[in-house]
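Asks: My questions all concern the structure below.
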Amino acid sequence: MSKNISNLSGRIGLKKNLFEKISERSLNSKDSSGIKEIANEYHMGVSTIHGAESFYEFLRPSHRAKKAFVCNGSACMCSGTQEPLKKKLKEKLGDDKVGEMFCLGHCYENKAFHYDGENYAGNDIDKIDDIIKGEKITQEKFFSKSFASTSFLMDDKLLNLDQFKDVLNKFINTDKQEIIKSLLDSNLTGRGGAGFPAGMKWDFCRKAESEKKYVICNADEGDSGAFSDRYLLEDQPLKVLFGMIICGYVIGSDEGVLYIRGEYPKSIEAINGCINSLKKEGLLGKNILGKNFSFDLNICIGQGAYICGEETALIASIEGRRAEVDVRPPFPVTEGLYKKPTVVNNVETLAAATGILINGADKFSAIGNKKSAGTKLVCFDSFFNNPGVYEVEMGTPMKKVLNDIGGGFKEPIKALQIGGPLGGVIPISEVEKLNLDFQEFTAAGFMLGHASIVSIPKDFPMVEYIHHLFEFTAEESCGKCFPGRLGSYRGKEMFDQAKNKTAKIPLKLLNELLVTMKKGCLCALCGAIPTPIMNILKYFGDEMKDDMVKDN
Ligand SMILES: Cc1cc2nc3c(=O)[nH]c(=O)nc-3n(C[C@H](O)[C@H](O)[C@H](O)COP(=O)(O)O)c2cc1C
Ligand code: SF4
């Protein structure tokens, strides 16, 4: 959308936000009543509002008619726990009342499901009668521990409001240039996937001229296997919020927003509580600590679309547009939310920025190397002997990460998918040759990404795993570019047939499809899915030879 049209648009603003309004209407009404009123209030066409609303899984009537949702993320799928779980929920609630949701972030215990606004997992299903009655049950927490010489993300230096006030007071009285220099010296790169240097991003935005700027925290962690952002939002919320406030101070912004996925109700609750406490103490709002610096924070709740983790789709979503990916440049640092200069950072990047300011940039840069510096949160699924989330130094040999920290596996595992559904599928023998390092993973044909680890058991058919990847992409593609929109469905179709044994996979055609998607897609959703699929064909092709035909 052009800058002028955007400036004229009635949809501008984080207060009385259009996306929030659309979501509320849809979640609270059974029919289309209210759409016209929203359209009138925001000076938009009815079809525009309908176009935005119909994009989201949670806002569809078919979704809203269901009561419980079983997690269909990769980790839960590999654990084999979900079919019996679904059966039990259907017995209790009725066949048509149980749907699916993509990754609830309980990969360390599986059997994950969502019921009436809450997530449950592990042995919680044994208490389903109490849950249905509306009783609060005691739930197990994930295990977390730092293995770093200096902890930047898991320490206890910012757990209460007194600590927060002291640190905030120090840094809003520090020269902005000095804060940028600390981030640049630390070599912190973005933890959300693209790996752009955080200090450089803040500096670009600081230099962009505009009366209004925004800070966005990308808390749409949708990668299956990942629950590290969830850990930070729920257990270290002050670190995340401090990162946003100090970013606002540095770039000259007075407003920020956390886009938190709706699949994480506890994270939303934790951040909401924290924002309210900060406001009460005058640590958020007008003239913070008596300084000429005001900053306010808002929350936007995602409505079940994986693509909203991609920054341009996320911005479109907050603006109340269909969450389709936009062509870059312009990048958000110059034309972001409502076309204003915007820093979009991942949850872990913001928390790490806080850790760096508290502990010193030199300590962070001394770990790992220039392009993969500091510490990283790594998540282990339930196949590990020590499932949970751990802070690990970059550069640590993967053999040590998997065996010493993760404790090895409970049963034979043939491969790991690291970095979410778009990350590489790595045979165990290959992963043990690598170190925890973004560039090393990429050079070997994989991707470290968010460092979430999903274990693929020895007896899990790779045809089914590829089917799962294509199905995920087909379901979640935003539809903006045709290689992504069509390619994901054609891939799913091939593997539907292979899975049902109605046709063999035409290998030549599959390879052509993968190359087309890799080269032609607008973004890394459908554009990166060929990576894990090509990895599987390379390392596990033999396993699938009976399902393939070579020449057509
Ligand atoms: C399909 C897709 C999904 C993404 N999902 C996320 C996500 O869940 N969280 C995130 O922080 N970044 C995600 N990203 C990356 C963002 O577009 C963006 O690069 C990131 O939020 C920038 O923050 P950082 O510099 O701190 O990493 C995704 C990118 C793509 C292409
Ligand atoms: S690659 Fe997929 S998700 Fe990305 S723009 Fe194209 S259709 Fe949308």
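Residues are referred to by chain and number: the chain letter is A, B, ... according to the order shown in the structure tokens, the number counts from 1 in that chain, and ligands are numbered separately from 1 in the order shown.
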Report the residues of stretch 150-275 of chain A whose backbone DSSP state falls under helix (DSSP H, G or I), written as a PyMOL selection string.
Replies: chain A and resi 161-171+176-186+198-207+228-235+237-251+265-275
Asks: Would you write out those residues with C-alpha atoms, as a PDB file, in the first residue's frame?
Replies:
ATOM      1  CA  LEU A 161      10.422  -4.162  39.927  1.00  0.00           C
ATOM      2  CA  ASP A 162      13.144  -2.728  42.217  1.00  0.00           C
ATOM      3  CA  GLN A 163      15.854  -4.250  40.040  1.00  0.00           C
ATOM      4  CA  PHE A 164      13.978  -3.029  36.965  1.00  0.00           C
ATOM      5  CA  LYS A 165      13.778   0.529  38.295  1.00  0.00           C
ATOM      6  CA  ASP A 166      17.537   0.657  39.063  1.00  0.00           C
ATOM      7  CA  VAL A 167      18.576  -0.680  35.676  1.00  0.00           C
ATOM      8  CA  LEU A 168      16.085   1.505  33.797  1.00  0.00           C
ATOM      9  CA  ASN A 169      17.226   4.580  35.703  1.00  0.00           C
ATOM     10  CA  LYS A 170      20.819   3.818  34.729  1.00  0.00           C
ATOM     11  CA  PHE A 171      20.149   3.287  31.041  1.00  0.00           C
ATOM     12  CA  LYS A 176      21.949   6.610  23.218  1.00  0.00           C
ATOM     13  CA  GLN A 177      25.029   6.266  21.050  1.00  0.00           C
ATOM     14  CA  GLU A 178      26.776   4.405  23.857  1.00  0.00           C
ATOM     15  CA  ILE A 179      23.906   1.880  24.064  1.00  0.00           C
ATOM     16  CA  ILE A 180      24.073   1.298  20.298  1.00  0.00           C
ATOM     17  CA  LYS A 181      27.856   0.864  20.591  1.00  0.00           C
ATOM     18  CA  SER A 182      27.394  -1.804  23.301  1.00  0.00           C
ATOM     19  CA  LEU A 183      25.029  -3.753  21.055  1.00  0.00           C
ATOM     20  CA  LEU A 184      27.347  -3.432  18.060  1.00  0.00           C
ATOM     21  CA  ASP A 185      30.380  -4.478  20.163  1.00  0.00           C
ATOM     22  CA  SER A 186      28.481  -7.484  21.530  1.00  0.00           C
ATOM     23  CA  ALA A 198      20.613  -5.939  16.398  1.00  0.00           C
ATOM     24  CA  GLY A 199      22.746  -2.822  17.035  1.00  0.00           C
ATOM     25  CA  MET A 200      22.715  -1.959  13.348  1.00  0.00           C
ATOM     26  CA  LYS A 201      18.917  -2.330  13.160  1.00  0.00           C
ATOM     27  CA  TRP A 202      18.416   0.013  16.139  1.00  0.00           C
ATOM     28  CA  ASP A 203      20.900   2.497  14.671  1.00  0.00           C
ATOM     29  CA  PHE A 204      19.188   2.556  11.244  1.00  0.00           C
ATOM     30  CA  CYS A 205      15.857   3.218  12.927  1.00  0.00           C
ATOM     31  CA  ARG A 206      17.344   5.880  15.228  1.00  0.00           C
ATOM     32  CA  LYS A 207      18.642   7.721  12.141  1.00  0.00           C
ATOM     33  CA  SER A 228      12.249 -20.639  24.238  1.00  0.00           C
ATOM     34  CA  ASP A 229      10.326 -17.418  23.537  1.00  0.00           C
ATOM     35  CA  ARG A 230       7.527 -18.816  25.675  1.00  0.00           C
ATOM     36  CA  TYR A 231      10.068 -19.402  28.468  1.00  0.00           C
ATOM     37  CA  LEU A 232      11.232 -15.766  28.253  1.00  0.00           C
ATOM     38  CA  LEU A 233       7.706 -14.322  28.077  1.00  0.00           C
ATOM     39  CA  GLU A 234       6.554 -16.331  31.087  1.00  0.00           C
ATOM     40  CA  ASP A 235       9.704 -16.596  33.238  1.00  0.00           C
ATOM     41  CA  PRO A 237       9.117 -11.034  31.071  1.00  0.00           C
ATOM     42  CA  LEU A 238      10.929  -8.031  32.561  1.00  0.00           C
ATOM     43  CA  LYS A 239      13.996  -8.751  30.396  1.00  0.00           C
ATOM     44  CA  VAL A 240      11.852  -8.704  27.249  1.00  0.00           C
ATOM     45  CA  LEU A 241       9.969  -5.540  28.229  1.00  0.00           C
ATOM     46  CA  PHE A 242      13.174  -3.783  29.287  1.00  0.00           C
ATOM     47  CA  GLY A 243      14.643  -4.538  25.845  1.00  0.00           C
ATOM     48  CA  MET A 244      11.596  -2.908  24.222  1.00  0.00           C
ATOM     49  CA  ILE A 245      11.602   0.178  26.455  1.00  0.00           C
ATOM     50  CA  ILE A 246      15.322   0.802  26.005  1.00  0.00           C
ATOM     51  CA  CYS A 247      14.957   0.290  22.255  1.00  0.00           C
ATOM     52  CA  GLY A 248      12.181   2.939  22.322  1.00  0.00           C
ATOM     53  CA  TYR A 249      14.489   5.305  24.229  1.00  0.00           C
ATOM     54  CA  VAL A 250      17.359   4.771  21.756  1.00  0.00           C
ATOM     55  CA  ILE A 251      15.404   5.081  18.497  1.00  0.00           C
ATOM     56  CA  PRO A 265      -2.441 -17.924  26.702  1.00  0.00           C
ATOM     57  CA  LYS A 266      -0.069 -18.052  29.696  1.00  0.00           C
ATOM     58  CA  SER A 267       2.463 -15.822  27.930  1.00  0.00           C
ATOM     59  CA  ILE A 268      -0.249 -13.261  27.197  1.00  0.00           C
ATOM     60  CA  GLU A 269      -1.314 -13.342  30.852  1.00  0.00           C
ATOM     61  CA  ALA A 270       2.268 -12.987  32.136  1.00  0.00           C
ATOM     62  CA  ILE A 271       3.102 -10.042  29.869  1.00  0.00           C
ATOM     63  CA  ASN A 272      -0.214  -8.338  30.555  1.00  0.00           C
ATOM     64  CA  GLY A 273       0.386  -8.592  34.313  1.00  0.00           C
ATOM     65  CA  CYS A 274       3.887  -7.215  33.940  1.00  0.00           C
ATOM     66  CA  ILE A 275       2.799  -4.267  31.793  1.00  0.00           C
TER      67      ILE A 275
END
Asks: Can you build me a table of chain A residues sitting at most 8 Å from ligand 2, with the closest atom pair per residue and its distance in Å to one decimal, using only C-alpha atoms and all ligand atoms, sorted by chain and residue number, as JSON lines?
Replies:
{"residue": "A:Ile307", "atom": "CA", "partner": "ligand 2", "partner_atom_place_in_ligand_line": "3 (S)", "distance": 6.1}
{"residue": "A:Glu324", "atom": "CA", "partner": "ligand 2", "partner_atom_place_in_ligand_line": "8 (Fe)", "distance": 6.3}
{"residue": "A:Val325", "atom": "CA", "partner": "ligand 2", "partner_atom_place_in_ligand_line": "5 (S)", "distance": 4.9}
{"residue": "A:Asp326", "atom": "CA", "partner": "ligand 2", "partner_atom_place_in_ligand_line": "5 (S)", "distance": 7.5}
{"residue": "A:Thr473", "atom": "CA", "partner": "ligand 2", "partner_atom_place_in_ligand_line": "2 (Fe)", "distance": 7.5}
{"residue": "A:Glu476", "atom": "CA", "partner": "ligand 2", "partner_atom_place_in_ligand_line": "3 (S)", "distance": 7.0}
{"residue": "A:Ser477", "atom": "CA", "partner": "ligand 2", "partner_atom_place_in_ligand_line": "3 (S)", "distance": 4.0}
{"residue": "A:Cys478", "atom": "CA", "partner": "ligand 2", "partner_atom_place_in_ligand_line": "8 (Fe)", "distance": 3.8}
{"residue": "A:Gly479", "atom": "CA", "partner": "ligand 2", "partner_atom_place_in_ligand_line": "7 (S)", "distance": 3.9}
{"residue": "A:Lys480", "atom": "CA", "partner": "ligand 2", "partner_atom_place_in_ligand_line": "8 (Fe)", "distance": 4.5}
{"residue": "A:Cys481", "atom": "CA", "partner": "ligand 2", "partner_atom_place_in_ligand_line": "6 (Fe)", "distance": 4.0}
{"residue": "A:Phe482", "atom": "CA", "partner": "ligand 2", "partner_atom_place_in_ligand_line": "7 (S)", "distance": 6.3}
{"residue": "A:Pro483", "atom": "CA", "partner": "ligand 2", "partner_atom_place_in_ligand_line": "6 (Fe)", "distance": 6.7}
{"residue": "A:Gly484", "atom": "CA", "partner": "ligand 2", "partner_atom_place_in_ligand_line": "7 (S)", "distance": 4.0}
{"residue": "A:Arg485", "atom": "CA", "partner": "ligand 2", "partner_atom_place_in_ligand_line": "7 (S)", "distance": 4.6}
{"residue": "A:Ser488", "atom": "CA", "partner": "ligand 2", "partner_atom_place_in_ligand_line": "2 (Fe)", "distance": 8.0}
{"residue": "A:Met517", "atom": "CA", "partner": "ligand 2", "partner_atom_place_in_ligand_line": "1 (S)", "distance": 7.8}
{"residue": "A:Cys521", "atom": "CA", "partner": "ligand 2", "partner_atom_place_in_ligand_line": "1 (S)", "distance": 4.5}
{"residue": "A:Leu522", "atom": "CA", "partner": "ligand 2", "partner_atom_place_in_ligand_line": "5 (S)", "distance": 4.6}
{"residue": "A:Cys523", "atom": "CA", "partner": "ligand 2", "partner_atom_place_in_ligand_line": "4 (Fe)", "distance": 4.0}
{"residue": "A:Ala524", "atom": "CA", "partner": "ligand 2", "partner_atom_place_in_ligand_line": "1 (S)", "distance": 5.9}
{"residue": "A:Leu525", "atom": "CA", "partner": "ligand 2", "partner_atom_place_in_ligand_line": "3 (S)", "distance": 4.9}
{"residue": "A:Cys526", "atom": "CA", "partner": "ligand 2", "partner_atom_place_in_ligand_line": "1 (S)", "distance": 4.1}
{"residue": "A:Gly527", "atom": "CA", "partner": "ligand 2", "partner_atom_place_in_ligand_line": "1 (S)", "distance": 5.3}
Asks: Just give me the gap between atom CA of A:Gly487 and atom CA of A:Glu100 in Å, one decimal is fine.
Replies: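 Between these atoms lies a distance of 23.2 Å.
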Asks: For chain A against ligand 1, with a cut-off of 9 Å and counting only C-alpha atoms and all ligand atoms, what is the closest atom pair and its distance in Å to one decimal for every residue that makes the cut, ordered by chain and number, as JSON lines?
Replies:
{"residue": "A:Thr189", "atom": "CA", "partner": "ligand 1", "partner_atom_place_in_ligand_line": "25 (O)", "distance": 6.8}
{"residue": "A:Gly190", "atom": "CA", "partner": "ligand 1", "partner_atom_place_in_ligand_line": "27 (O)", "distance": 3.3}
{"residue": "A:Arg191", "atom": "CA", "partner": "ligand 1", "partner_atom_place_in_ligand_line": "27 (O)", "distance": 4.2}
{"residue": "A:Gly192", "atom": "CA", "partner": "ligand 1", "partner_atom_place_in_ligand_line": "27 (O)", "distance": 3.3}
{"residue": "A:Gly193", "atom": "CA", "partner": "ligand 1", "partner_atom_place_in_ligand_line": "15 (C)", "distance": 5.0}
{"residue": "A:Ala194", "atom": "CA", "partner": "ligand 1", "partner_atom_place_in_ligand_line": "19 (O)", "distance": 4.8}
{"residue": "A:Gly195", "atom": "CA", "partner": "ligand 1", "partner_atom_place_in_ligand_line": "27 (O)", "distance": 5.6}
{"residue": "A:Phe196", "atom": "CA", "partner": "ligand 1", "partner_atom_place_in_ligand_line": "25 (O)", "distance": 5.3}
{"residue": "A:Pro197", "atom": "CA", "partner": "ligand 1", "partner_atom_place_in_ligand_line": "25 (O)", "distance": 7.0}
{"residue": "A:Ala198", "atom": "CA", "partner": "ligand 1", "partner_atom_place_in_ligand_line": "25 (O)", "distance": 6.1}
{"residue": "A:Lys201", "atom": "CA", "partner": "ligand 1", "partner_atom_place_in_ligand_line": "25 (O)", "distance": 7.6}
{"residue": "A:Ile216", "atom": "CA", "partner": "ligand 1", "partner_atom_place_in_ligand_line": "21 (O)", "distance": 8.6}
{"residue": "A:Cys217", "atom": "CA", "partner": "ligand 1", "partner_atom_place_in_ligand_line": "21 (O)", "distance": 7.6}
{"residue": "A:Asn218", "atom": "CA", "partner": "ligand 1", "partner_atom_place_in_ligand_line": "11 (O)", "distance": 4.7}
{"residue": "A:Ala219", "atom": "CA", "partner": "ligand 1", "partner_atom_place_in_ligand_line": "9 (N)", "distance": 5.9}
{"residue": "A:Asp220", "atom": "CA", "partner": "ligand 1", "partner_atom_place_in_ligand_line": "8 (O)", "distance": 4.3}
{"residue": "A:Glu221", "atom": "CA", "partner": "ligand 1", "partner_atom_place_in_ligand_line": "8 (O)", "distance": 3.6}
{"residue": "A:Gly222", "atom": "CA", "partner": "ligand 1", "partner_atom_place_in_ligand_line": "8 (O)", "distance": 5.0}
{"residue": "A:Asp223", "atom": "CA", "partner": "ligand 1", "partner_atom_place_in_ligand_line": "8 (O)", "distance": 6.5}
{"residue": "A:Asp229", "atom": "CA", "partner": "ligand 1", "partner_atom_place_in_ligand_line": "9 (N)", "distance": 8.5}
{"residue": "A:Arg261", "atom": "CA", "partner": "ligand 1", "partner_atom_place_in_ligand_line": "8 (O)", "distance": 8.8}
{"residue": "A:Tyr306", "atom": "CA", "partner": "ligand 1", "partner_atom_place_in_ligand_line": "3 (C)", "distance": 6.6}
{"residue": "A:Ile307", "atom": "CA", "partner": "ligand 1", "partner_atom_place_in_ligand_line": "1 (C)", "distance": 5.1}
{"residue": "A:Cys308", "atom": "CA", "partner": "ligand 1", "partner_atom_place_in_ligand_line": "3 (C)", "distance": 6.8}
{"residue": "A:Gly309", "atom": "CA", "partner": "ligand 1", "partner_atom_place_in_ligand_line": "5 (N)", "distance": 3.3}
{"residue": "A:Glu310", "atom": "CA", "partner": "ligand 1", "partner_atom_place_in_ligand_line": "17 (O)", "distance": 3.5}
{"residue": "A:Glu311", "atom": "CA", "partner": "ligand 1", "partner_atom_place_in_ligand_line": "17 (O)", "distance": 3.9}
{"residue": "A:Thr312", "atom": "CA", "partner": "ligand 1", "partner_atom_place_in_ligand_line": "17 (O)", "distance": 6.9}
{"residue": "A:Ala313", "atom": "CA", "partner": "ligand 1", "partner_atom_place_in_ligand_line": "17 (O)", "distance": 8.2}
{"residue": "A:Leu314", "atom": "CA", "partner": "ligand 1", "partner_atom_place_in_ligand_line": "17 (O)", "distance": 8.1}
{"residue": "A:Val325", "atom": "CA", "partner": "ligand 1", "partner_atom_place_in_ligand_line": "31 (C)", "distance": 8.7}
{"residue": "A:Val343", "atom": "CA", "partner": "ligand 1", "partner_atom_place_in_ligand_line": "23 (O)", "distance": 8.2}
{"residue": "A:Val344", "atom": "CA", "partner": "ligand 1", "partner_atom_place_in_ligand_line": "22 (C)", "distance": 5.3}
{"residue": "A:Asn345", "atom": "CA", "partner": "ligand 1", "partner_atom_place_in_ligand_line": "26 (O)", "distance": 3.4}
{"residue": "A:Asn346", "atom": "CA", "partner": "ligand 1", "partner_atom_place_in_ligand_line": "11 (O)", "distance": 3.5}
{"residue": "A:Val347", "atom": "CA", "partner": "ligand 1", "partner_atom_place_in_ligand_line": "11 (O)", "distance": 6.3}
{"residue": "A:Glu348", "atom": "CA", "partner": "ligand 1", "partner_atom_place_in_ligand_line": "26 (O)", "distance": 7.2}
{"residue": "A:Thr349", "atom": "CA", "partner": "ligand 1", "partner_atom_place_in_ligand_line": "26 (O)", "distance": 4.7}
{"residue": "A:Leu350", "atom": "CA", "partner": "ligand 1", "partner_atom_place_in_ligand_line": "26 (O)", "distance": 7.0}
{"residue": "A:Leu422", "atom": "CA", "partner": "ligand 1", "partner_atom_place_in_ligand_line": "1 (C)", "distance": 8.1}
{"residue": "A:His450", "atom": "CA", "partner": "ligand 1", "partner_atom_place_in_ligand_line": "9 (N)", "distance": 8.5}
{"residue": "A:Glu476", "atom": "CA", "partner": "ligand 1", "partner_atom_place_in_ligand_line": "1 (C)", "distance": 8.9}
{"residue": "A:Ser477", "atom": "CA", "partner": "ligand 1", "partner_atom_place_in_ligand_line": "1 (C)", "distance": 8.4}
{"residue": "A:Cys523", "atom": "CA", "partner": "ligand 1", "partner_atom_place_in_ligand_line": "31 (C)", "distance": 5.3}
{"residue": "A:Ala524", "atom": "CA", "partner": "ligand 1", "partner_atom_place_in_ligand_line": "31 (C)", "distance": 4.2}
{"residue": "A:Leu525", "atom": "CA", "partner": "ligand 1", "partner_atom_place_in_ligand_line": "1 (C)", "distance": 4.0}
{"residue": "A:Cys526", "atom": "CA", "partner": "ligand 1", "partner_atom_place_in_ligand_line": "1 (C)", "distance": 7.7}
{"residue": "A:Gly527", "atom": "CA", "partner": "ligand 1", "partner_atom_place_in_ligand_line": "31 (C)", "distance": 8.5}
{"residue": "A:Ala528", "atom": "CA", "partner": "ligand 1", "partner_atom_place_in_ligand_line": "31 (C)", "distance": 8.4}
Asks: Go through A:Cys300, A:Met394, A:Ala474, A:Ala415 one by one, measure the shortest atom-to-atom distance of each to A:Ser149 using only C-alpha atoms, and give the residue with the smallest value.
Replies: A:Met394
Asks: Of the residues A:Asp296, A:Asp129, A:Glu319, A:Asp381, which is the one nearest to A:Ala226, using only C-alpha atoms?
Replies: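 So, comparing all the options, the nearest one is A:Asp381.
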Asks: Considering only C-alpha atoms, can you say which of A:Ile301, A:Leu289, A:Ile132, A:Leu278 comes closest to A:Val257?
Replies: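 Between A:Ile301, A:Leu289, A:Ile132, A:Leu278, the residue approaching A:Val257 most closely is A:Ile301.
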Asks: Tell me which protein, DNA and RNA residues are within 7 Å of A:Ser452, counting only C-alpha atoms, leaving out same-chain ones fewer than 2 positions away, and put them as a PDB file with all heavy atoms, in the first residue's frame.
Replies:
ATOM      1  N   GLY A 225       8.715 -27.406  18.086  1.00  0.00           N
ATOM      2  CA  GLY A 225       9.959 -27.744  18.790  1.00  0.00           C
ATOM      3  C   GLY A 225      10.470 -26.582  19.618  1.00  0.00           C
ATOM      4  O   GLY A 225      11.275 -26.769  20.524  1.00  0.00           O
ATOM      5  N   ALA A 226       9.996 -25.351  19.306  1.00  0.00           N
ATOM      6  CA  ALA A 226      10.504 -24.172  20.022  1.00  0.00           C
ATOM      7  C   ALA A 226       9.552 -23.754  21.133  1.00  0.00           C
ATOM      8  O   ALA A 226       8.351 -23.644  20.918  1.00  0.00           O
ATOM      9  CB  ALA A 226      10.674 -23.015  19.039  1.00  0.00           C
ATOM     10  N   VAL A 378      18.310 -23.235  23.664  1.00  0.00           N
ATOM     11  CA  VAL A 378      18.134 -24.452  22.859  1.00  0.00           C
ATOM     12  C   VAL A 378      17.017 -25.265  23.513  1.00  0.00           C
ATOM     13  O   VAL A 378      16.991 -25.386  24.741  1.00  0.00           O
ATOM     14  CB  VAL A 378      19.446 -25.281  22.844  1.00  0.00           C
ATOM     15  CG1 VAL A 378      19.252 -26.598  22.108  1.00  0.00           C
ATOM     16  CG2 VAL A 378      20.583 -24.485  22.210  1.00  0.00           C
ATOM     17  N   CYS A 379      16.088 -25.778  22.691  1.00  0.00           N
ATOM     18  CA  CYS A 379      14.961 -26.549  23.248  1.00  0.00           C
ATOM     19  C   CYS A 379      15.067 -28.026  22.874  1.00  0.00           C
ATOM     20  O   CYS A 379      15.276 -28.352  21.708  1.00  0.00           O
ATOM     21  CB  CYS A 379      13.629 -26.032  22.698  1.00  0.00           C
ATOM     22  SG  CYS A 379      13.292 -24.347  23.148  1.00  0.00           S
ATOM     23  N   PHE A 380      14.893 -28.894  23.854  1.00  0.00           N
ATOM     24  CA  PHE A 380      14.904 -30.343  23.626  1.00  0.00           C
ATOM     25  C   PHE A 380      13.492 -30.903  23.790  1.00  0.00           C
ATOM     26  O   PHE A 380      12.814 -30.595  24.781  1.00  0.00           O
ATOM     27  CB  PHE A 380      15.804 -31.047  24.633  1.00  0.00           C
ATOM     28  CG  PHE A 380      17.252 -30.644  24.550  1.00  0.00           C
ATOM     29  CD1 PHE A 380      17.950 -30.271  25.691  1.00  0.00           C
ATOM     30  CD2 PHE A 380      17.935 -30.653  23.338  1.00  0.00           C
ATOM     31  CE1 PHE A 380      19.286 -29.908  25.623  1.00  0.00           C
ATOM     32  CE2 PHE A 380      19.272 -30.293  23.264  1.00  0.00           C
ATOM     33  CZ  PHE A 380      19.945 -29.917  24.404  1.00  0.00           C
ATOM     34  N   ILE A 418      16.108 -29.388  13.125  1.00  0.00           N
ATOM     35  CA  ILE A 418      16.536 -28.262  13.970  1.00  0.00           C
ATOM     36  C   ILE A 418      16.129 -26.954  13.285  1.00  0.00           C
ATOM     37  O   ILE A 418      16.369 -26.762  12.099  1.00  0.00           O
ATOM     38  CB  ILE A 418      18.063 -28.312  14.209  1.00  0.00           C
ATOM     39  CG1 ILE A 418      18.429 -29.653  14.870  1.00  0.00           C
ATOM     40  CG2 ILE A 418      18.511 -27.135  15.080  1.00  0.00           C
ATOM     41  CD1 ILE A 418      19.871 -29.791  15.301  1.00  0.00           C
ATOM     42  N   GLY A 419      15.497 -26.057  14.051  1.00  0.00           N
ATOM     43  CA  GLY A 419      15.131 -24.739  13.504  1.00  0.00           C
ATOM     44  C   GLY A 419      13.721 -24.691  12.949  1.00  0.00           C
ATOM     45  O   GLY A 419      13.438 -23.867  12.067  1.00  0.00           O
ATOM     46  N   GLY A 420      12.832 -25.540  13.444  1.00  0.00           N
ATOM     47  CA  GLY A 420      11.421 -25.458  13.034  1.00  0.00           C
ATOM     48  C   GLY A 420      11.157 -26.175  11.727  1.00  0.00           C
ATOM     49  O   GLY A 420      12.057 -26.785  11.141  1.00  0.00           O
ATOM     50  N   HIS A 450      15.972 -21.085  15.254  1.00  0.00           N
ATOM     51  CA  HIS A 450      15.665 -20.810  16.648  1.00  0.00           C
ATOM     52  C   HIS A 450      16.303 -21.834  17.592  1.00  0.00           C
ATOM     53  O   HIS A 450      16.095 -21.784  18.798  1.00  0.00           O
ATOM     54  CB  HIS A 450      14.133 -20.836  16.782  1.00  0.00           C
ATOM     55  CG  HIS A 450      13.599 -19.732  17.617  1.00  0.00           C
ATOM     56  ND1 HIS A 450      14.058 -18.443  17.511  1.00  0.00           N
ATOM     57  CD2 HIS A 450      12.635 -19.710  18.583  1.00  0.00           C
ATOM     58  CE1 HIS A 450      13.408 -17.690  18.384  1.00  0.00           C
ATOM     59  NE2 HIS A 450      12.546 -18.436  19.044  1.00  0.00           N
ATOM     60  N   VAL A 454      13.590 -31.157  17.117  1.00  0.00           N
ATOM     61  CA  VAL A 454      12.547 -32.188  17.057  1.00  0.00           C
ATOM     62  C   VAL A 454      13.221 -33.499  16.653  1.00  0.00           C
ATOM     63  O   VAL A 454      13.929 -33.559  15.647  1.00  0.00           O
ATOM     64  CB  VAL A 454      11.458 -31.815  16.023  1.00  0.00           C
ATOM     65  CG1 VAL A 454      10.518 -32.985  15.764  1.00  0.00           C
ATOM     66  CG2 VAL A 454      10.668 -30.600  16.492  1.00  0.00           C
TER      67      VAL A 454
END
Asks: As a list in words, please: the residues near stretch 77-80 of chain A (cut-off 9 Å, only C-alpha atoms, same-chain neighbours under 2 positions excluded).
Replies: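 Result of the neighbour search: Cys71, Asn72, Gly73, Ser74, Ala75, Gln82, Glu83, Pro84, Asn110, Lys111, Ser382, Phe383, Val454, Ser455, Ile456, Pro457, Phe460, Tyr465 and His468 of chain A.
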Asks: What separation in Å, quoted to one decimal, exists between atom CA of A:Lys499 and atom CA of A:Ala305?
Replies: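 Atom-to-atom, atom CA of A:Lys499 to atom CA of A:Ala305, that is 26.1 Å.
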Asks: Using only C-alpha atoms, pick whichever of A:Met398, A:Met462, A:Leu507, A:Leu258 has the shortest atom-to-atom distance to A:Val431.
Replies: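 The answer is A:Met398, which sits nearest to A:Val431.
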Asks: Kindly give the distance, in Å, that separates atom CA of A:Ile128 and atom CA of A:Gly262, rounded to a single decimal.
Replies: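 Taking atom CA of A:Ile128 as the start and atom CA of A:Gly262 as the end point, the length is 21.7 Å.
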Asks: Fewer than 4 positions away in the same chain doesn't count, so skip those; otherwise give me all residues within 12 Å of A:Asn28, counting only C-alpha atoms, as a list in words.
Replies: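 Here the answer would be Lys21, Ile22, Ser23, Glu24, Ser32, Ser33, Gly34, Phe58, Leu59, Arg60, Pro61, Arg64 and Ala65 of chain A.
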